[in-house]
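final.cif (mmCIF, C-alpha atoms)
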data_model
#
loop_
_atom_site.group_PDB
_atom_site.id
_atom_site.type_symbol
_atom_site.label_atom_id
_atom_site.label_comp_id
_atom_site.auth_asym_id
_atom_site.auth_seq_id
_atom_site.Cartn_x
_atom_site.Cartn_y
_atom_site.Cartn_z
ATOM 1 C CA MET A 1 1.697 11.405 -16.410
ATOM 2 C CA MET A 2 4.374 8.712 -16.101
ATOM 3 C CA ARG A 3 7.154 11.341 -16.159
ATOM 4 C CA HIS A 4 6.706 11.554 -12.393
ATOM 5 C CA LEU A 5 8.309 8.121 -12.050
ATOM 6 C CA THR A 6 12.022 7.508 -11.661
ATOM 7 C CA ILE A 7 14.058 4.657 -13.115
ATOM 8 C CA ARG A 8 14.304 3.174 -9.603
ATOM 9 C CA LEU A 9 10.503 2.974 -9.283
ATOM 10 C CA TRP A 10 10.135 1.448 -12.754
ATOM 11 C CA GLY A 11 12.845 -1.058 -11.822
ATOM 12 C CA VAL A 12 11.070 -2.055 -8.587
ATOM 13 C CA TRP A 13 7.761 -2.513 -10.438
ATOM 14 C CA LEU A 14 9.503 -4.665 -13.074
ATOM 15 C CA MET A 15 11.130 -6.818 -10.370
ATOM 16 C CA LEU A 16 7.749 -7.326 -8.675
ATOM 17 C CA VAL A 17 6.101 -8.259 -11.973
ATOM 18 C CA LEU A 18 8.886 -10.691 -12.927
ATOM 19 C CA ALA A 19 8.813 -12.325 -9.468
ATOM 20 C CA THR A 20 5.030 -12.784 -9.792
ATOM 21 C CA LEU A 21 5.301 -14.282 -13.278
ATOM 22 C CA PHE A 22 8.119 -16.592 -12.159
ATOM 23 C CA SER A 23 6.120 -17.756 -9.112
ATOM 24 C CA ALA A 24 3.014 -18.453 -11.203
ATOM 25 C CA TRP A 25 5.026 -20.223 -13.904
ATOM 26 C CA THR A 26 6.905 -22.473 -11.460
ATOM 27 C CA ALA A 27 3.651 -23.212 -9.606
ATOM 28 C CA ALA A 28 1.947 -24.262 -12.828
ATOM 29 C CA ASP A 29 4.925 -26.407 -13.874
ATOM 30 C CA GLY A 30 5.692 -27.774 -10.408
ATOM 31 C CA LEU A 31 7.455 -25.955 -7.583
ATOM 32 C CA PRO A 32 11.287 -26.040 -7.526
ATOM 33 C CA GLY A 33 12.488 -29.095 -5.642
ATOM 34 C CA GLY A 34 9.016 -30.592 -5.828
ATOM 35 C CA ALA A 35 6.042 -29.969 -3.612
ATOM 36 C CA GLY A 36 6.380 -29.888 0.143
ATOM 37 C CA MET A 37 7.105 -27.578 2.995
ATOM 38 C CA PRO A 38 10.453 -26.138 1.685
ATOM 39 C CA ALA A 39 8.832 -25.148 -1.618
ATOM 40 C CA ALA A 40 5.841 -23.682 0.231
ATOM 41 C CA ALA A 41 8.148 -21.730 2.553
ATOM 42 C CA LEU A 42 10.123 -20.410 -0.422
ATOM 43 C CA ALA A 43 6.961 -19.233 -2.220
ATOM 44 C CA VAL A 44 5.756 -17.413 0.885
ATOM 45 C CA ALA A 45 9.199 -15.913 1.630
ATOM 46 C CA VAL A 46 9.331 -14.487 -1.909
ATOM 47 C CA GLY A 47 5.896 -12.946 -1.244
ATOM 48 C CA PHE A 48 7.185 -11.210 1.899
ATOM 49 C CA ALA A 49 10.281 -9.980 0.031
ATOM 50 C CA LYS A 50 7.888 -8.362 -2.460
ATOM 51 C CA VAL A 51 5.993 -6.786 0.457
ATOM 52 C CA TRP A 52 9.224 -5.249 1.727
ATOM 53 C CA LEU A 53 9.973 -3.790 -1.716
ATOM 54 C CA ILE A 54 6.478 -2.277 -1.925
ATOM 55 C CA GLY A 55 6.864 -0.762 1.540
ATOM 56 C CA MET A 56 10.315 0.706 1.024
ATOM 57 C CA HIS A 57 9.845 2.041 -2.503
ATOM 58 C CA PHE A 58 6.137 2.516 -3.277
ATOM 59 C CA MET A 59 5.118 3.588 0.236
ATOM 60 C CA ALA A 60 8.356 5.636 0.386
ATOM 61 C CA LEU A 61 9.339 4.191 3.765
ATOM 62 C CA ARG A 62 13.011 4.435 2.797
ATOM 63 C CA ASP A 63 12.591 8.203 3.296
ATOM 64 C CA ALA A 64 10.307 7.914 6.350
ATOM 65 C CA PRO A 65 11.264 8.735 9.963
ATOM 66 C CA PRO A 66 13.424 5.957 11.490
ATOM 67 C CA TRP A 67 10.722 4.815 13.966
ATOM 68 C CA LEU A 68 8.273 4.142 11.140
ATOM 69 C CA ARG A 69 10.828 2.405 8.944
ATOM 70 C CA SER A 70 11.875 0.250 11.922
ATOM 71 C CA LEU A 71 8.261 -0.723 12.668
ATOM 72 C CA PHE A 72 7.708 -1.802 9.076
ATOM 73 C CA ASN A 73 11.007 -3.729 9.016
ATOM 74 C CA ALA A 74 10.021 -5.407 12.289
ATOM 75 C CA TRP A 75 6.617 -6.376 10.865
ATOM 76 C CA SER A 76 8.229 -7.815 7.724
ATOM 77 C CA LEU A 77 10.781 -9.757 9.764
ATOM 78 C CA VAL A 78 8.457 -11.054 12.495
ATOM 79 C CA VAL A 79 5.396 -11.858 10.357
ATOM 80 C CA GLY A 80 7.323 -12.899 7.225
ATOM 81 C CA GLY A 81 9.959 -14.852 9.127
ATOM 82 C CA GLY A 82 7.377 -16.290 11.532
ATOM 83 C CA VAL A 83 5.029 -17.578 8.838
ATOM 84 C CA THR A 84 7.943 -18.996 6.835
ATOM 85 C CA LEU A 85 9.297 -20.792 9.927
ATOM 86 C CA LEU A 86 5.832 -22.122 10.830
ATOM 87 C CA ILE A 87 5.684 -23.746 7.391
ATOM 88 C CA LEU A 88 9.226 -25.107 7.594
ATOM 89 C CA LEU A 89 9.385 -26.422 11.163
ATOM 90 C CA MET B 1 9.157 89.426 19.003
ATOM 91 C CA SER B 2 8.240 86.524 16.895
ATOM 92 C CA ARG B 3 8.529 82.918 18.107
ATOM 93 C CA GLN B 4 10.390 80.604 15.719
ATOM 94 C CA THR B 5 8.531 77.425 14.792
ATOM 95 C CA PRO B 6 10.722 74.234 14.884
ATOM 96 C CA ARG B 7 11.146 72.386 11.647
ATOM 97 C CA PRO B 8 9.398 68.971 11.378
ATOM 98 C CA GLU B 9 12.623 66.927 11.585
ATOM 99 C CA GLU B 10 13.484 68.664 14.842
ATOM 100 C CA LEU B 11 10.296 67.620 16.550
ATOM 101 C CA GLU B 12 10.476 64.890 19.179
ATOM 102 C CA LEU B 13 7.499 62.719 18.428
ATOM 103 C CA PRO B 14 6.145 60.086 20.778
ATOM 104 C CA GLU B 15 7.217 56.569 19.877
ATOM 105 C CA PHE B 16 3.862 55.457 18.491
ATOM 106 C CA LEU B 17 3.973 58.274 15.937
ATOM 107 C CA MET B 18 7.518 57.596 14.826
ATOM 108 C CA PRO B 19 7.719 56.324 11.269
ATOM 109 C CA TYR B 20 9.585 53.027 10.803
ATOM 110 C CA GLU B 21 11.760 52.214 7.880
ATOM 111 C CA ALA B 22 11.023 48.539 7.523
ATOM 112 C CA SER B 23 8.387 46.053 8.604
ATOM 113 C CA PRO B 24 9.176 44.298 11.841
ATOM 114 C CA PRO B 25 10.783 40.930 11.190
ATOM 115 C CA ALA B 26 8.312 38.116 10.755
ATOM 116 C CA PRO B 27 8.474 35.397 13.395
ATOM 117 C CA ALA B 28 10.823 32.625 12.329
ATOM 118 C CA PRO B 29 9.091 29.455 11.127
ATOM 119 C CA PRO B 30 9.400 26.528 13.490
ATOM 120 C CA ALA B 31 12.527 24.532 12.843
ATOM 121 C CA ALA B 32 12.013 21.343 10.875
ATOM 122 C CA THR B 33 12.237 18.284 13.050
ATOM 123 C CA ALA B 34 12.022 14.565 12.497
ATOM 124 C CA ALA B 35 8.721 14.458 14.383
ATOM 125 C CA PRO B 36 6.055 13.046 12.057
ATOM 126 C CA ASP B 37 2.745 14.700 11.317
ATOM 127 C CA LEU B 38 0.142 13.489 13.839
ATOM 128 C CA HIS B 39 -2.445 12.581 11.203
ATOM 129 C CA GLN B 40 0.070 10.521 9.274
ATOM 130 C CA SER B 41 1.126 8.803 12.525
ATOM 131 C CA GLY B 42 -2.490 7.843 13.183
ATOM 132 C CA LEU B 43 -2.855 6.496 9.672
ATOM 133 C CA TRP B 44 0.309 4.415 10.011
ATOM 134 C CA ILE B 45 -0.773 2.986 13.367
ATOM 135 C CA PHE B 46 -4.012 1.884 11.699
ATOM 136 C CA ILE B 47 -2.175 0.454 8.668
ATOM 137 C CA LEU B 48 0.342 -1.495 10.775
ATOM 138 C CA GLY B 49 -2.445 -2.700 13.085
ATOM 139 C CA ASP B 50 -4.455 -3.972 10.126
ATOM 140 C CA MET B 51 -1.364 -5.660 8.696
ATOM 141 C CA THR B 52 -0.684 -7.326 12.048
ATOM 142 C CA LEU B 53 -4.251 -8.660 12.175
ATOM 143 C CA PHE B 54 -3.726 -10.193 8.743
ATOM 144 C CA GLY B 55 -0.347 -11.490 9.966
ATOM 145 C CA ALA B 56 -2.150 -13.436 12.711
ATOM 146 C CA PHE B 57 -4.455 -14.944 10.067
ATOM 147 C CA PHE B 58 -1.428 -15.872 7.927
ATOM 148 C CA ALA B 59 0.209 -17.614 10.903
ATOM 149 C CA GLY B 60 -2.991 -19.492 11.796
ATOM 150 C CA PHE B 61 -3.368 -20.622 8.195
ATOM 151 C CA ALA B 62 0.265 -21.842 8.027
ATOM 152 C CA LEU B 63 -0.167 -23.774 11.298
ATOM 153 C CA GLN B 64 -3.317 -25.507 10.042
ATOM 154 C CA ALA B 65 -1.653 -26.362 6.735
ATOM 155 C CA ARG B 66 0.892 -28.527 8.535
ATOM 156 C CA SER B 67 -1.765 -30.786 10.039
ATOM 157 C CA GLN B 68 -3.938 -30.966 6.888
ATOM 158 C CA ALA B 69 -1.359 -30.973 4.104
ATOM 159 C CA ASP B 70 -3.357 -33.264 1.798
ATOM 160 C CA VAL B 71 -6.583 -31.284 2.183
ATOM 161 C CA PHE B 72 -4.754 -28.007 1.532
ATOM 162 C CA ALA B 73 -2.948 -29.413 -1.528
ATOM 163 C CA GLY B 74 -6.148 -30.783 -3.059
ATOM 164 C CA SER B 75 -8.051 -27.568 -2.386
ATOM 165 C CA ALA B 76 -5.346 -25.194 -3.669
ATOM 166 C CA GLU B 77 -5.307 -27.173 -6.906
ATOM 167 C CA THR B 78 -8.922 -26.227 -7.610
ATOM 168 C CA LEU B 79 -8.281 -22.450 -7.399
ATOM 169 C CA LEU B 80 -7.871 -20.415 -10.588
ATOM 170 C CA LEU B 81 -4.112 -19.818 -10.502
ATOM 171 C CA GLY B 82 -4.147 -17.675 -13.657
ATOM 172 C CA VAL B 83 -6.790 -15.325 -12.245
ATOM 173 C CA GLY B 84 -4.813 -14.999 -9.010
ATOM 174 C CA ALA B 85 -1.631 -14.161 -10.936
ATOM 175 C CA VAL B 86 -3.364 -11.633 -13.219
ATOM 176 C CA ASN B 87 -4.976 -9.997 -10.187
ATOM 177 C CA THR B 88 -1.536 -9.711 -8.565
ATOM 178 C CA LEU B 89 -0.172 -7.984 -11.675
ATOM 179 C CA ILE B 90 -3.200 -5.662 -11.738
ATOM 180 C CA LEU B 91 -2.674 -4.603 -8.117
ATOM 181 C CA LEU B 92 1.085 -4.119 -8.594
ATOM 182 C CA THR B 93 0.376 -1.862 -11.579
ATOM 183 C CA SER B 94 -2.311 0.006 -9.651
ATOM 184 C CA SER B 95 0.259 0.666 -6.908
ATOM 185 C CA LEU B 96 2.581 2.171 -9.499
ATOM 186 C CA PHE B 97 -0.234 4.501 -10.619
ATOM 187 C CA VAL B 98 -0.749 5.518 -6.984
ATOM 188 C CA VAL B 99 2.958 6.375 -6.748
ATOM 189 C CA VAL B 100 2.505 8.585 -9.844
ATOM 190 C CA ALA B 101 -0.540 10.238 -8.258
ATOM 191 C CA THR B 102 1.174 11.055 -4.946
ATOM 192 C CA ARG B 103 4.317 12.365 -6.642
ATOM 193 C CA ALA B 104 2.271 14.407 -9.134
ATOM 194 C CA VAL B 105 0.084 15.990 -6.463
ATOM 195 C CA ALA B 106 3.164 16.840 -4.398
ATOM 196 C CA ALA B 107 4.579 18.564 -7.498
ATOM 197 C CA ASP B 108 1.249 20.451 -7.890
ATOM 198 C CA ASP B 109 0.519 18.627 -11.157
ATOM 199 C CA ARG B 110 -3.108 17.917 -10.268
ATOM 200 C CA PRO B 111 -4.277 16.891 -13.775
ATOM 201 C CA ALA B 112 -1.616 14.151 -13.913
ATOM 202 C CA ALA B 113 -2.507 13.048 -10.371
ATOM 203 C CA ALA B 114 -6.206 12.829 -11.318
ATOM 204 C CA ARG B 115 -5.399 10.740 -14.411
ATOM 205 C CA ALA B 116 -3.216 8.385 -12.353
ATOM 206 C CA LEU B 117 -5.963 7.941 -9.741
ATOM 207 C CA LEU B 118 -8.479 7.210 -12.509
ATOM 208 C CA ALA B 119 -6.131 4.504 -13.847
ATOM 209 C CA THR B 120 -5.855 3.101 -10.297
ATOM 210 C CA LEU B 121 -9.642 3.014 -9.983
ATOM 211 C CA LEU B 122 -9.953 1.142 -13.285
ATOM 212 C CA CYS B 123 -7.388 -1.400 -12.044
ATOM 213 C CA ALA B 124 -9.373 -1.767 -8.806
ATOM 214 C CA LEU B 125 -12.609 -2.373 -10.736
ATOM 215 C CA LEU B 126 -10.867 -4.983 -12.881
ATOM 216 C CA PHE B 127 -9.473 -6.710 -9.775
ATOM 217 C CA ALA B 128 -12.879 -6.786 -8.070
ATOM 218 C CA GLY B 129 -14.579 -8.019 -11.250
ATOM 219 C CA LEU B 130 -12.094 -10.863 -11.683
ATOM 220 C CA LYS B 131 -12.311 -11.796 -7.994
ATOM 221 C CA LEU B 132 -16.123 -11.942 -8.105
ATOM 222 C CA THR B 133 -15.945 -14.024 -11.291
ATOM 223 C CA ALA B 134 -13.549 -16.444 -9.558
ATOM 224 C CA TYR B 135 -15.942 -16.689 -6.590
ATOM 225 C CA GLY B 136 -18.749 -17.511 -9.022
ATOM 226 C CA VAL B 137 -16.742 -20.297 -10.654
ATOM 227 C CA GLU B 138 -15.666 -21.760 -7.307
ATOM 228 C CA LEU B 139 -19.132 -21.620 -5.760
ATOM 229 C CA SER B 140 -20.774 -23.143 -8.828
ATOM 230 C CA ALA B 141 -18.226 -25.976 -8.655
ATOM 231 C CA GLY B 142 -19.463 -26.687 -5.139
ATOM 232 C CA TYR B 143 -16.647 -25.121 -3.109
ATOM 233 C CA THR B 144 -18.050 -23.027 -0.273
ATOM 234 C CA PRO B 145 -16.662 -21.667 3.034
ATOM 235 C CA THR B 146 -17.938 -24.832 4.749
ATOM 236 C CA THR B 147 -16.281 -27.320 2.345
ATOM 237 C CA ASN B 148 -13.137 -27.625 4.471
ATOM 238 C CA LEU B 149 -10.717 -25.519 6.533
ATOM 239 C CA PHE B 150 -8.765 -24.378 3.479
ATOM 240 C CA PHE B 151 -11.863 -22.925 1.839
ATOM 241 C CA THR B 152 -12.983 -21.358 5.124
ATOM 242 C CA TYR B 153 -9.660 -19.470 5.249
ATOM 243 C CA TYR B 154 -9.778 -18.785 1.499
ATOM 244 C CA PHE B 155 -13.203 -17.154 1.528
ATOM 245 C CA VAL B 156 -12.649 -15.298 4.813
ATOM 246 C CA LEU B 157 -9.204 -13.931 3.900
ATOM 247 C CA THR B 158 -10.046 -12.971 0.309
ATOM 248 C CA GLY B 159 -13.460 -11.662 1.426
ATOM 249 C CA ILE B 160 -11.932 -9.352 4.049
ATOM 250 C CA HIS B 161 -9.350 -8.301 1.475
ATOM 251 C CA LEU B 162 -12.108 -7.521 -1.038
ATOM 252 C CA MET B 163 -13.772 -5.304 1.584
ATOM 253 C CA HIS B 164 -10.461 -3.444 1.889
ATOM 254 C CA VAL B 165 -10.470 -3.050 -1.903
ATOM 255 C CA VAL B 166 -13.945 -1.474 -1.746
ATOM 256 C CA VAL B 167 -12.898 0.937 1.040
ATOM 257 C CA GLY B 168 -9.746 1.801 -0.926
ATOM 258 C CA MET B 169 -11.808 2.488 -4.042
ATOM 259 C CA ALA B 170 -14.066 4.842 -2.071
ATOM 260 C CA LEU B 171 -11.026 6.765 -0.769
ATOM 261 C CA LEU B 172 -9.473 6.943 -4.245
ATOM 262 C CA LEU B 173 -12.787 8.128 -5.706
ATOM 263 C CA VAL B 174 -13.030 10.967 -3.167
ATOM 264 C CA ALA B 175 -9.415 11.933 -3.921
ATOM 265 C CA TRP B 176 -10.006 11.806 -7.688
ATOM 266 C CA ARG B 177 -13.167 13.941 -7.501
ATOM 267 C CA GLY B 178 -11.362 16.435 -5.276
ATOM 268 C CA LEU B 179 -8.438 16.717 -7.679
ATOM 269 C CA ARG B 180 -10.759 17.447 -10.609
ATOM 270 C CA ARG B 181 -12.291 20.488 -8.876
ATOM 271 C CA GLU B 182 -10.883 23.861 -9.906
ATOM 272 C CA ALA B 183 -10.388 25.227 -6.387
ATOM 273 C CA GLY B 184 -8.347 22.357 -4.965
ATOM 274 C CA GLY B 185 -11.062 20.282 -3.297
ATOM 275 C CA VAL B 186 -8.682 17.814 -1.671
ATOM 276 C CA SER B 187 -5.437 18.160 0.255
ATOM 277 C CA VAL B 188 -2.099 16.628 -0.641
ATOM 278 C CA SER B 189 -2.098 14.667 2.636
ATOM 279 C CA PHE B 190 -5.506 13.126 1.822
ATOM 280 C CA VAL B 191 -4.214 11.864 -1.531
ATOM 281 C CA GLU B 192 -1.105 10.519 0.209
ATOM 282 C CA GLY B 193 -3.204 8.828 2.901
ATOM 283 C CA ALA B 194 -5.514 7.199 0.338
ATOM 284 C CA GLY B 195 -2.403 6.111 -1.552
ATOM 285 C CA ILE B 196 -0.817 4.494 1.519
ATOM 286 C CA TYR B 197 -4.063 2.632 2.192
ATOM 287 C CA TRP B 198 -4.121 1.366 -1.386
ATOM 288 C CA HIS B 199 -0.501 0.175 -1.144
ATOM 289 C CA MET B 200 -1.534 -1.826 1.948
ATOM 290 C CA VAL B 201 -4.344 -3.441 -0.077
ATOM 291 C CA ASP B 202 -1.720 -4.360 -2.673
ATOM 292 C CA LEU B 203 0.869 -5.773 -0.263
ATOM 293 C CA LEU B 204 -1.698 -7.912 1.586
ATOM 294 C CA TRP B 205 -2.696 -9.533 -1.703
ATOM 295 C CA VAL B 206 0.985 -10.029 -2.565
ATOM 296 C CA VAL B 207 1.162 -12.369 0.480
ATOM 297 C CA LEU B 208 -2.283 -13.928 -0.037
ATOM 298 C CA PHE B 209 -1.435 -14.986 -3.600
ATOM 299 C CA PRO B 210 1.470 -17.353 -2.767
ATOM 300 C CA LEU B 211 -0.081 -18.404 0.555
ATOM 301 C CA LEU B 212 -3.412 -19.501 -0.964
ATOM 302 C CA TYR B 213 -2.672 -20.268 -4.617
ATOM 303 C CA ILE B 214 0.921 -21.516 -4.788
ATOM 304 C CA ALA B 215 2.437 -22.796 -1.533
ATOM 305 C CA TRP B 216 0.416 -25.998 -1.145
ATOM 306 C CA LEU B 217 0.237 -27.150 -4.760
ATOM 307 C CA PRO B 218 1.220 -30.803 -5.179
#
Take the structure in this file and express it as structure tokens.
Amino acid sequence: MMRHLTIRLWGVWLMLVLATLFSAWTAADGLPGGAGMPAAALAVAVGFAKVWLIGMHFMALRDAPPWLRSLFNAWSLVVGGGVTLLILL
Amino acid sequence: MSRQTPRPEELELPEFLMPYEASPPAPAPPAATAAPDLHQSGLWIFILGDMTLFGAFFAGFALQARSQADVFAGSAETLLLGVGAVNTLILLTSSLFVVVATRAVAADDRPAAARALLATLLCALLFAGLKLTAYGVELSAGYTPTTNLFFTYYFVLTGIHLMHVVVGMALLLVAWRGLRREAGGVSVSFVEGAGIYWHMVDLLWVVLFPLLYIAWLP
């Protein structure tokens, strides 16, 4: 069953898992740089980076028509960047 | 005087009786273009619309957090961080199984696709079970949607997400049952569509986890 996966897809899944474990571990032990808006913004920005990876690789948007890829990139940038800025500013 | 009969090859036959040597050429297939399939376009408009609605909720939540930082920090501390993290890992793994299913069905390996969808469904059940258990713990500790603004957002956002999980499970179940039928009961595009929906369920949780469980911790 798993022979249908490529090394790239395994690698993306591993990155997502490691990022999740790192986030949970740092949250349990105290966020880097201490609590506060920069740490909160960093945690959320990492979440949106993971969203982008899921979209490009798992949803195969890297091979999608340009209009669709652009819409997803725009969503990631506007919503991800917007929420991160709202926390920071 | 006898009249000579012409040989068959000398006869001039009308056109509709003339034998032809080869079949007429089949019409050429339409040239491949970059234009997307209409059904997939509709699905993507729905997916991006749903994601944008959640994006508005995320922005509203972040705005409120600024004015009630202490309330948000104290409330986030009471959530079960470990359950949230395990549920994130479960959904990420379920997404990988969905990738296997869509690639397998495209390669006409329906048994492998069915097995991958079954694994996805088991992950979904585990996620829902853990989420309901977490709700039980939080409610029995006295935290309800009316406790404060953080918990209002928490229950609304995770509740709407859980409804998406249920819809996703229904789609995956239909796809799985279709794949198990002998005479191909489900199309490749249906499996792909259900898969895209499930990836959306995954990526929304990937934002909800840091936003609710991690960002405001003291």
| How far is it from CA of Gly80 in chain A to CA of Phe48 in chain A, in Å with one decimal? |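 Computed distance, CA of Gly80 in chain A to CA of Phe48 in chain A, equals 5.6 Å.
Listed by chain and then by number, the residues chosen by the PyMOL selection byres ((chain A) within 7 of (chain B)) in this file are Met1, Met2, His4, Leu5, Val17, Thr20, Ala24, Ala27, Ala35, Ala39, Ala40, Ala43, Val44, Gly47, Phe48, Val51, Ile54, Phe58, Met59, Pro65, Val79, Val83, Leu86 and Ile87 of chain A.
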| query | So which one's closest to Thr6 in chain A, A:His57, A:Asp63, A:Gly82, A:Ser76? Using only C-alpha atoms, please. | reply | A:His57
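A straight line drawn from CA of Glu138 in chain B to CA of His161 in chain B is 17.3 Å long.
Our summary of the geometry notes that CA of Gly193 in chain B is positioned 26.8 Å from CA of Leu132 in chain B.
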| request: Apply the PyMOL selection byres ((chain B and resi 125) around 12) to the displayed file and report the matching residues as number ranges by chain. | output: B: 87, 90-91, 94, 118-124, 126-132, 162, 165-166, 168-170, 172-173
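Of the listed residues (B:Val191, B:Val201, B:Tyr143, B:Val156), B:Val191 comes nearest to Arg177 in chain B; the distances count all atoms listed in the file.
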| task | Choose the residue, out of A:Leu53, A:Ala74, A:Leu42, A:Ala64, that has the smallest atom-to-atom separation from Arg8 in chain A; count only C-alpha atoms. | result | A:Leu53
Exercise on range 196-200 of chain B, axis-aligned box with 5 Å per side, report centre and edge lengths in Å to one decimal, as AutoDock Vina command-line options:
--center_x -2.3 --center_y 1.3 --center_z 0.4 --size_x 13.6 --size_y 16.3 --size_z 13.6
| field | Long-range neighbours of Leu88 in chain A as a PyMOL selection string, 8 Å cut-off, only C-alpha atoms, 6 positions minimum in chain | value | chain A and resi 37-38+41
| said: From the options A:Ala49, A:Leu89, A:Leu16, A:Ala28, which residue's atoms come nearest to Leu77 in chain A, counting all atoms listed in the file? | reply: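 Going through A:Ala49, A:Leu89, A:Leu16, A:Ala28 one by one, the smallest distance to Leu77 in chain A is for A:Ala49.
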| Which protein, DNA or RNA residues have an atom at most 12 Å from (-14.6, -27.5, -12.1), counting only C-alpha atoms? List them as an MDAnalysis selection string. | chainID B and resid 75 77:80 134 136:143
